[in-house]
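Containing mmCIF, C-alpha atoms: entry30.cif.
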```cif
data_structure
#
loop_
_atom_site.group_PDB
_atom_site.id
_atom_site.type_symbol
_atom_site.label_atom_id
_atom_site.label_comp_id
_atom_site.auth_asym_id
_atom_site.auth_seq_id
_atom_site.Cartn_x
_atom_site.Cartn_y
_atom_site.Cartn_z
ATOM 1 C CA MET A 1 18.342 7.916 -30.559
ATOM 2 C CA GLY A 2 16.194 11.025 -30.173
ATOM 3 C CA HIS A 3 15.489 10.144 -26.585
ATOM 4 C CA HIS A 4 19.173 9.974 -25.746
ATOM 5 C CA HIS A 5 19.957 13.371 -27.166
ATOM 6 C CA HIS A 6 17.106 14.975 -25.271
ATOM 7 C CA HIS A 7 18.618 13.776 -22.003
ATOM 8 C CA HIS A 8 21.878 15.606 -22.401
ATOM 9 C CA HIS A 9 20.237 18.795 -23.501
ATOM 10 C CA GLY A 10 17.950 18.501 -20.493
ATOM 11 C CA HIS A 11 20.854 18.436 -18.064
ATOM 12 C CA GLY A 12 22.440 21.698 -19.219
ATOM 13 C CA GLN A 13 19.048 23.368 -18.985
ATOM 14 C CA SER A 14 18.564 21.815 -15.587
ATOM 15 C CA THR A 15 21.728 23.440 -14.216
ATOM 16 C CA LYS A 16 20.656 26.813 -15.583
ATOM 17 C CA ASN A 17 17.231 26.478 -13.968
ATOM 18 C CA LEU A 18 18.804 25.576 -10.639
ATOM 19 C CA LYS A 19 21.036 28.645 -10.845
ATOM 20 C CA ILE A 20 18.059 30.948 -11.417
ATOM 21 C CA ALA A 21 16.051 29.290 -8.656
ATOM 22 C CA PHE A 22 19.011 29.570 -6.265
ATOM 23 C CA PHE A 23 19.498 33.328 -6.601
ATOM 24 C CA LEU A 24 15.780 33.926 -6.577
ATOM 25 C CA ASN A 25 15.346 32.021 -3.347
ATOM 26 C CA LEU A 26 18.341 33.574 -1.663
ATOM 27 C CA PHE A 27 17.046 37.060 -2.473
ATOM 28 C CA PHE A 28 13.654 36.043 -1.156
ATOM 29 C CA THR A 29 14.996 34.612 2.091
ATOM 30 C CA VAL A 30 16.476 38.019 2.897
ATOM 31 C CA VAL A 31 13.215 39.810 1.999
ATOM 32 C CA GLU A 32 11.295 37.424 4.285
ATOM 33 C CA LEU A 33 13.665 37.627 7.230
ATOM 34 C CA VAL A 34 13.428 41.417 7.175
ATOM 35 C CA GLY A 35 9.685 41.340 6.502
ATOM 36 C CA GLY A 36 9.036 38.763 9.221
ATOM 37 C CA LEU A 37 10.959 40.771 11.805
ATOM 38 C CA ILE A 38 9.265 44.046 10.834
ATOM 39 C CA THR A 39 5.730 42.612 10.809
ATOM 40 C CA GLY A 40 6.321 40.313 13.774
ATOM 41 C CA SER A 41 4.772 37.456 11.762
ATOM 42 C CA LEU A 42 5.813 33.933 12.724
ATOM 43 C CA ALA A 43 4.316 32.554 9.529
ATOM 44 C CA ILE A 44 6.587 34.785 7.454
ATOM 45 C CA LEU A 45 9.600 33.906 9.602
ATOM 46 C CA SER A 46 8.834 30.206 9.247
ATOM 47 C CA ASP A 47 8.530 30.720 5.529
ATOM 48 C CA ALA A 48 11.893 32.480 5.653
ATOM 49 C CA LEU A 49 13.405 29.430 7.311
ATOM 50 C CA HIS A 50 11.707 27.262 4.713
ATOM 51 C CA ASP A 51 13.224 29.449 1.999
ATOM 52 C CA LEU A 52 16.629 29.385 3.630
ATOM 53 C CA GLY A 53 16.389 25.590 3.561
ATOM 54 C CA ASP A 54 15.374 25.794 -0.071
ATOM 55 C CA SER A 55 18.270 28.095 -0.917
ATOM 56 C CA LEU A 56 20.683 25.708 0.736
ATOM 57 C CA SER A 57 19.171 22.719 -0.987
ATOM 58 C CA ILE A 58 19.093 24.421 -4.364
ATOM 59 C CA GLY A 59 22.699 25.509 -3.917
ATOM 60 C CA LEU A 60 23.630 21.905 -3.107
ATOM 61 C CA SER A 61 21.534 20.566 -5.978
ATOM 62 C CA TRP A 62 23.156 23.014 -8.337
ATOM 63 C CA TYR A 63 26.618 21.983 -7.151
ATOM 64 C CA PHE A 64 25.827 18.259 -7.279
ATOM 65 C CA GLN A 65 23.969 18.531 -10.588
ATOM 66 C CA ASN A 66 27.084 20.116 -12.053
ATOM 67 C CA LEU A 67 29.193 17.378 -10.541
ATOM 68 C CA SER A 68 26.813 14.659 -11.711
ATOM 69 C CA GLU A 69 27.372 15.775 -15.299
ATOM 70 C CA LYS A 70 31.077 14.972 -15.060
ATOM 71 C CA LYS A 71 32.072 11.975 -17.142
ATOM 72 C CA ARG A 72 33.146 8.755 -15.461
ATOM 73 C CA ASP A 73 36.736 8.374 -14.303
ATOM 74 C CA ASN A 74 38.835 5.864 -12.359
ATOM 75 C CA HIS A 75 37.310 6.938 -9.070
ATOM 76 C CA PHE A 76 33.686 6.692 -10.131
ATOM 77 C CA SER A 77 33.424 4.189 -12.967
ATOM 78 C CA TYR A 78 29.707 4.897 -13.395
ATOM 79 C CA GLY A 79 30.234 8.641 -13.507
ATOM 80 C CA TYR A 80 28.933 11.143 -10.964
ATOM 81 C CA LYS A 81 25.179 10.768 -11.395
ATOM 82 C CA ARG A 82 24.583 9.568 -7.830
ATOM 83 C CA PHE A 83 25.887 12.852 -6.436
ATOM 84 C CA SER A 84 22.629 14.586 -7.220
ATOM 85 C CA LEU A 85 20.966 12.158 -4.772
ATOM 86 C CA LEU A 86 23.384 13.208 -2.102
ATOM 87 C CA GLY A 87 22.169 16.778 -2.615
ATOM 88 C CA ALA A 88 18.569 15.674 -2.193
ATOM 89 C CA ILE A 89 19.371 13.868 1.078
ATOM 90 C CA ILE A 90 21.408 16.674 2.684
ATOM 91 C CA ASN A 91 18.624 19.038 1.723
ATOM 92 C CA ALA A 92 15.996 16.813 3.334
ATOM 93 C CA VAL A 93 17.929 16.784 6.606
ATOM 94 C CA VAL A 94 18.219 20.590 6.632
ATOM 95 C CA LEU A 95 14.480 20.997 6.033
ATOM 96 C CA LEU A 96 13.604 18.488 8.752
ATOM 97 C CA ILE A 97 15.689 20.270 11.373
ATOM 98 C CA GLY A 98 14.244 23.638 10.325
ATOM 99 C CA SER A 99 10.689 22.349 10.554
ATOM 100 C CA VAL A 100 11.193 20.973 14.062
ATOM 101 C CA ILE A 101 12.519 24.358 15.206
ATOM 102 C CA ILE A 102 9.531 26.154 13.652
ATOM 103 C CA ILE A 103 7.025 23.839 15.317
ATOM 104 C CA SER A 104 8.645 24.195 18.739
ATOM 105 C CA GLU A 105 8.469 27.990 18.411
ATOM 106 C CA ALA A 106 4.988 28.187 16.962
ATOM 107 C CA VAL A 107 2.975 25.787 19.112
ATOM 108 C CA PRO A 108 3.198 27.912 22.301
ATOM 109 C CA ALA A 109 2.452 31.014 20.195
ATOM 110 C CA VAL A 110 -0.859 29.530 19.003
ATOM 111 C CA LEU A 111 -2.097 29.566 22.611
ATOM 112 C CA ASN A 112 -0.608 32.970 23.336
ATOM 113 C CA PRO A 113 -0.342 34.893 20.038
ATOM 114 C CA GLY A 114 1.486 38.225 19.713
ATOM 115 C CA GLU A 115 0.405 41.207 17.620
ATOM 116 C CA VAL A 116 1.449 41.289 13.966
ATOM 117 C CA ASP A 117 1.395 43.973 11.276
ATOM 118 C CA GLU A 118 -1.218 42.340 9.055
ATOM 119 C CA GLN A 119 -0.970 44.960 6.308
ATOM 120 C CA GLY A 120 2.759 44.369 5.928
ATOM 121 C CA MET A 121 2.027 40.627 5.854
ATOM 122 C CA LEU A 122 -0.443 41.135 3.033
ATOM 123 C CA TYR A 123 1.992 43.079 0.843
ATOM 124 C CA ILE A 124 4.845 40.622 1.384
ATOM 125 C CA ALA A 125 2.505 37.708 0.636
ATOM 126 C CA ILE A 126 1.326 39.207 -2.673
ATOM 127 C CA PHE A 127 4.949 39.760 -3.673
ATOM 128 C CA GLY A 128 5.751 36.168 -2.634
ATOM 129 C CA VAL A 129 2.984 34.632 -4.717
ATOM 130 C CA ILE A 130 4.140 36.492 -7.833
ATOM 131 C CA VAL A 131 7.878 35.782 -7.546
ATOM 132 C CA ASN A 132 7.586 32.130 -6.541
ATOM 133 C CA GLY A 133 4.859 31.526 -9.086
ATOM 134 C CA ALA A 134 7.232 32.645 -11.833
ATOM 135 C CA ALA A 135 9.940 30.286 -10.561
ATOM 136 C CA VAL A 136 7.563 27.297 -10.430
ATOM 137 C CA LEU A 137 6.556 27.786 -14.043
ATOM 138 C CA ARG A 138 10.194 27.852 -15.007
ATOM 139 C CA LEU A 139 11.147 24.620 -13.197
ATOM 140 C CA ARG A 140 7.931 22.731 -13.925
ATOM 141 C CA LYS A 141 9.430 21.442 -17.166
ATOM 142 C CA GLY A 142 12.481 19.953 -15.429
ATOM 143 C CA SER A 143 13.027 16.208 -15.528
ATOM 144 C CA SER A 144 15.766 15.492 -12.994
ATOM 145 C CA ILE A 145 14.773 14.358 -9.523
ATOM 146 C CA ASN A 146 16.469 17.495 -8.198
ATOM 147 C CA GLU A 147 14.383 19.811 -10.341
ATOM 148 C CA LYS A 148 11.251 17.939 -9.287
ATOM 149 C CA VAL A 149 12.209 18.346 -5.643
ATOM 150 C CA ILE A 150 12.856 22.024 -6.149
ATOM 151 C CA SER A 151 9.744 22.794 -8.156
ATOM 152 C CA LEU A 152 7.915 21.081 -5.285
ATOM 153 C CA HIS A 153 9.631 23.422 -2.835
ATOM 154 C CA LEU A 154 8.666 26.433 -4.896
ATOM 155 C CA LEU A 155 5.106 25.207 -5.277
ATOM 156 C CA GLU A 156 4.965 24.847 -1.497
ATOM 157 C CA ASP A 157 6.236 28.398 -1.250
ATOM 158 C CA VAL A 158 3.416 29.622 -3.457
ATOM 159 C CA LEU A 159 0.875 27.721 -1.346
ATOM 160 C CA GLY A 160 2.543 29.002 1.816
ATOM 161 C CA TRP A 161 2.242 32.559 0.550
ATOM 162 C CA ILE A 162 -1.392 32.129 -0.427
ATOM 163 C CA ALA A 163 -1.963 30.895 3.123
ATOM 164 C CA VAL A 164 -0.150 33.918 4.591
ATOM 165 C CA LEU A 165 -2.217 36.162 2.334
ATOM 166 C CA ILE A 166 -5.495 34.639 3.547
ATOM 167 C CA GLY A 167 -4.171 34.716 7.112
ATOM 168 C CA SER A 168 -3.370 38.411 6.947
ATOM 169 C CA LEU A 169 -6.908 39.121 5.681
ATOM 170 C CA LEU A 170 -8.434 37.071 8.514
ATOM 171 C CA ILE A 171 -6.354 39.013 11.042
ATOM 172 C CA MET A 172 -7.365 42.299 9.392
ATOM 173 C CA TYR A 173 -11.081 41.603 9.519
ATOM 174 C CA PHE A 174 -11.483 39.329 12.559
ATOM 175 C CA ASP A 175 -8.412 39.976 14.726
ATOM 176 C CA TRP A 176 -7.604 36.242 14.701
ATOM 177 C CA TYR A 177 -3.962 36.619 15.679
ATOM 178 C CA PHE A 178 -3.578 32.889 16.417
ATOM 179 C CA ILE A 179 -3.879 32.270 12.638
ATOM 180 C CA ASP A 180 -0.272 33.397 12.177
ATOM 181 C CA PRO A 181 1.507 30.807 14.388
ATOM 182 C CA LEU A 182 -1.032 28.182 13.311
ATOM 183 C CA LEU A 183 -0.050 28.749 9.677
ATOM 184 C CA SER A 184 3.611 28.366 10.544
ATOM 185 C CA VAL A 185 2.907 24.965 12.148
ATOM 186 C CA LEU A 186 0.958 23.840 9.074
ATOM 187 C CA ILE A 187 3.726 25.012 6.732
ATOM 188 C CA ALA A 188 6.265 23.037 8.768
ATOM 189 C CA LEU A 189 4.159 19.859 8.814
ATOM 190 C CA PHE A 190 3.715 20.125 5.072
ATOM 191 C CA ILE A 191 7.487 20.402 4.600
ATOM 192 C CA ILE A 192 8.070 17.312 6.774
ATOM 193 C CA TYR A 193 5.537 15.273 4.814
ATOM 194 C CA ASN A 194 7.206 16.077 1.489
ATOM 195 C CA VAL A 195 10.695 15.514 2.831
ATOM 196 C CA PHE A 196 9.801 11.955 3.832
ATOM 197 C CA ASN A 197 8.421 11.204 0.377
ATOM 198 C CA ASN A 198 11.579 12.482 -1.287
ATOM 199 C CA LEU A 199 13.825 10.588 1.107
ATOM 200 C CA LYS A 200 11.974 7.380 0.340
ATOM 201 C CA LYS A 201 12.631 7.806 -3.390
ATOM 202 C CA SER A 202 16.300 8.614 -2.861
ATOM 203 C CA PHE A 203 16.853 5.605 -0.604
ATOM 204 C CA GLN A 204 15.188 3.250 -3.069
ATOM 205 C CA ILE A 205 17.708 4.334 -5.686
ATOM 206 C CA ILE A 206 20.631 3.996 -3.260
ATOM 207 C CA LEU A 207 19.447 0.513 -2.251
ATOM 208 C CA GLN A 208 19.394 -0.373 -5.969
ATOM 209 C CA ALA A 209 15.696 -1.168 -6.186
ATOM 210 C CA THR A 210 14.416 -1.928 -9.670
ATOM 211 C CA PRO A 211 13.279 1.404 -11.196
ATOM 212 C CA GLN A 212 9.523 1.920 -10.759
ATOM 213 C CA ASN A 213 8.867 2.515 -14.447
ATOM 214 C CA ILE A 214 10.497 -0.758 -15.523
ATOM 215 C CA ASN A 215 8.825 -4.161 -15.398
ATOM 216 C CA VAL A 216 11.343 -7.020 -15.188
ATOM 217 C CA ASP A 217 8.985 -9.592 -16.743
ATOM 218 C CA LYS A 218 8.329 -7.276 -19.681
ATOM 219 C CA VAL A 219 12.073 -6.892 -20.217
ATOM 220 C CA HIS A 220 12.424 -10.700 -20.311
ATOM 221 C CA GLU A 221 9.529 -10.992 -22.775
ATOM 222 C CA LYS A 222 10.999 -8.270 -25.002
ATOM 223 C CA LEU A 223 14.423 -9.948 -25.111
ATOM 224 C CA ARG A 224 12.864 -13.332 -25.912
ATOM 225 C CA THR A 225 11.407 -11.838 -29.090
ATOM 226 C CA ILE A 226 14.936 -12.109 -30.503
ATOM 227 C CA PRO A 227 14.783 -15.496 -32.332
ATOM 228 C CA GLU A 228 18.274 -16.657 -31.251
ATOM 229 C CA VAL A 229 17.644 -15.967 -27.535
ATOM 230 C CA VAL A 230 16.131 -18.896 -25.613
ATOM 231 C CA GLU A 231 16.417 -17.799 -22.006
ATOM 232 C CA ILE A 232 17.583 -14.904 -19.786
ATOM 233 C CA HIS A 233 19.555 -15.449 -16.559
ATOM 234 C CA ASP A 234 21.136 -13.371 -13.868
ATOM 235 C CA CYS A 235 19.229 -10.247 -14.782
ATOM 236 C CA HIS A 236 19.876 -7.009 -12.822
ATOM 237 C CA ILE A 237 18.285 -3.606 -13.315
ATOM 238 C CA TRP A 238 19.034 -0.580 -11.186
ATOM 239 C CA SER A 239 19.150 3.177 -11.509
ATOM 240 C CA MET A 240 21.958 5.670 -11.038
ATOM 241 C CA ASP A 241 19.847 8.736 -10.233
ATOM 242 C CA GLY A 242 16.228 7.915 -11.012
ATOM 243 C CA GLU A 243 16.713 8.658 -14.718
ATOM 244 C CA TYR A 244 19.747 6.770 -15.960
ATOM 245 C CA HIS A 245 19.047 3.014 -15.747
ATOM 246 C CA VAL A 246 21.643 0.252 -15.868
ATOM 247 C CA PHE A 247 21.062 -3.375 -16.884
ATOM 248 C CA SER A 248 23.098 -6.571 -16.942
ATOM 249 C CA ALA A 249 22.095 -10.102 -17.910
ATOM 250 C CA HIS A 250 23.169 -13.433 -19.373
ATOM 251 C CA LEU A 251 21.408 -14.338 -22.616
ATOM 252 C CA VAL A 252 21.206 -18.035 -23.448
ATOM 253 C CA LEU A 253 21.478 -18.640 -27.209
ATOM 254 C CA ASP A 254 19.936 -21.566 -29.115
ATOM 255 C CA LYS A 255 23.288 -22.545 -30.670
ATOM 256 C CA SER A 256 26.848 -21.368 -31.069
ATOM 257 C CA TYR A 257 27.252 -18.283 -33.312
ATOM 258 C CA GLU A 258 30.416 -16.704 -34.636
ATOM 259 C CA LEU A 259 31.408 -13.344 -33.195
ATOM 260 C CA LYS A 260 30.022 -11.312 -36.064
ATOM 261 C CA LEU A 261 26.546 -12.761 -35.567
ATOM 262 C CA GLN A 262 26.820 -12.430 -31.796
ATOM 263 C CA SER A 263 27.494 -8.761 -32.267
ATOM 264 C CA SER A 264 24.312 -8.404 -34.328
ATOM 265 C CA ILE A 265 22.261 -10.183 -31.626
ATOM 266 C CA LYS A 266 23.733 -7.863 -28.995
ATOM 267 C CA LYS A 267 22.898 -4.816 -31.084
ATOM 268 C CA ARG A 268 19.250 -5.873 -31.379
ATOM 269 C CA ALA A 269 19.051 -6.606 -27.647
ATOM 270 C CA LYS A 270 20.517 -3.219 -26.736
ATOM 271 C CA HIS A 271 18.132 -1.497 -29.077
ATOM 272 C CA LEU A 272 15.139 -3.186 -27.408
ATOM 273 C CA LEU A 273 16.448 -2.287 -23.957
ATOM 274 C CA HIS A 274 16.994 1.302 -25.014
ATOM 275 C CA GLU A 275 13.373 1.506 -26.140
ATOM 276 C CA MET A 276 12.349 0.433 -22.630
ATOM 277 C CA GLY A 277 14.339 3.272 -21.060
ATOM 278 C CA ILE A 278 17.544 1.417 -20.209
ATOM 279 C CA GLU A 279 20.552 3.556 -21.123
ATOM 280 C CA HIS A 280 23.417 1.261 -20.241
ATOM 281 C CA SER A 281 23.418 -2.522 -20.684
ATOM 282 C CA THR A 282 26.021 -5.240 -20.282
ATOM 283 C CA LEU A 283 25.141 -8.554 -21.915
ATOM 284 C CA GLU A 284 26.872 -11.909 -21.718
ATOM 285 C CA PHE A 285 26.109 -14.865 -23.996
ATOM 286 C CA GLU A 286 25.831 -18.530 -22.967
ATOM 287 C CA LEU A 287 24.919 -21.800 -24.620
ATOM 288 C CA GLN A 288 22.001 -23.911 -23.416
ATOM 289 C CA ASP A 289 24.051 -26.752 -21.958
ATOM 290 C CA GLU A 290 26.602 -24.434 -20.351
ATOM 291 C CA ASP A 291 26.844 -24.278 -16.562
ATOM 292 C CA CYS A 292 26.222 -20.696 -15.589
ATOM 293 C CA ASP A 293 28.347 -20.012 -12.503
ATOM 294 C CA SER A 294 26.178 -17.225 -11.130
ATOM 295 C CA CYS A 295 22.631 -18.376 -11.936
#
```
C-alpha cells encoding of this file:
Amino acid sequence: MGHHHHHHHGHGQSTKNLKIAFFLNLFFTVVELVGGLITGSLAILSDALHDLGDSLSIGLSWYFQNLSEKKRDNHFSYGYKRFSLLGAIINAVVLLIGSVIIISEAVPAVLNPGEVDEQGMLYIAIFGVIVNGAAVLRLRKGSSINEKVISLHLLEDVLGWIAVLIGSLLIMYFDWYFIDPLLSVLIALFIIYNVFNNLKKSFQIILQATPQNINVDKVHEKLRTIPEVVEIHDCHIWSMDGEYHVFSAHLVLDKSYELKLQSSIKKRAKHLLHEMGIEHSTLEFELQDEDCDSC
C-alpha cells in the first residue's frame, strides 16, 4: 500500500509547486518584457514570450491539477484526472503560436540586426539563470506529467538564459549583433521541438494507448500464476493521466467456486495488478466452457 499513499501526498505537493512556479514565472515575464524593451534585445523579448507562455501554461496546469484532484461524481465517473492533460494541450498550442511569431520577427533581424545594450543583457541573464535554476530544482522531484512539462519549461529557461549570457559576451567582445536574433530563433525552435514531444504523449493517453511502462503479456503471465485462473480474455489497460492506470479483464477459472472463494481470488489478482502499477481494476469471472460474449 505504500505506493498508493505516496501518490496522494505527491499531488498536494504538486499543486503547491505549480503555485510557486506560476508566481515566479509571472514575475519574471514582467522583468523580461521591461528588460527586453530597455536593452533592445530580441532574445530577451523572445524569452519573455516564452515565459509568458509558461506562466499561462503553469496557471492552467495549476487550475487543472486542482480540478484533477476532485473525486469522481456523476458527470465524470472516473474522476477529473484527464483535466490535467487538457492543461498540457492548451499550453502546447499557446507555445506553438508564440514560437511562430518569434521566428517571423527574428529571421529578418538576423540579416539586419539592430543595436542592443549588451551589458543590460548580461545582468538580466545572470539574474535569469539564478531564479530559474532555483525553480527547476524545486520541480525536478515532481511526478505528474504537468510537473514534468513545467520543469522542462524551466530547464529550457535556464538554458535560454545561459545562451543569452554567452550571447551578450560575444556582442561585448566581438560586436556580433546578429547573435541576438539568432538566439531567439534557436530558443523558439527548441520550444517547438519539446511541444511536439509533449503533445505526442498527451494524445497517446487520450487515444487510450496501453501505458508505456506496462507490458500486456507480463500482466497475463502474472495473473496466470494464480492457481485457479486458467485463461485471461478481453483484457484492456489504459491510463487516465499517465500515472493512474485502469484495467479490466475476464478471468477464466478452472471450476466453479462459491462467492467467498471468488472474492479471495479477486483479492489476489488485484494485489498482483497493483504491484505492476495498476491502480484500478475491474475483473469478471467465467468458467471454461462458458461462451464469452465479448471475446
Between A:Thr210, A:Ser281, A:Ser263, A:Asn198, which is the closest to Ser248 in chain A once you count all atoms listed in the file? A:Ser281
Env of Gln288 in chain A: 7 Å cut, atoms = only C-alpha atoms, seq-sep filter 6 positions within chain, self excluded. Answer as a ChimeraX atom specification. /A:252-254
What is the distance between CA of Leu33 in chain A and CA of Ala48 in chain A, in Å to one decimal?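 CA of Ala48 in chain A lies 5.7 Å from CA of Leu33 in chain A.
Residues within 10 Å of range 85-90 of chain A, counting only C-alpha atoms and excluding same-chain residues fewer than 5 positions away, are Leu56, Ser57, Ile58, Gly59, Leu60, Ser61, Trp62, Tyr63, Phe64, Gln65, Ser68, Leu95, Ile145, Asn146, Val149, Ile150, Val195, Asn198, Leu199, Lys200, Lys201, Ser202, Phe203, Ile205, Ile206, Met240, Asp241 and Gly242 of chain A.
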I'd like the neighbourhood of Gly36 in chain A as JSON, numbers by chain, where a residue qualifies if any of its atoms comes within 10 Å (using only C-alpha atoms), though same-chain residues fewer than 3 positions away should be ignored. {"A": [30, 31, 32, 33, 39, 40, 41, 42, 43, 44, 45, 46, 47, 48, 116, 117, 120, 121, 124]}
Point-to-point distance from CA of Phe27 in chain A to CA of Ile187 in chain A, Å rounded to tenths: 20.2 Å
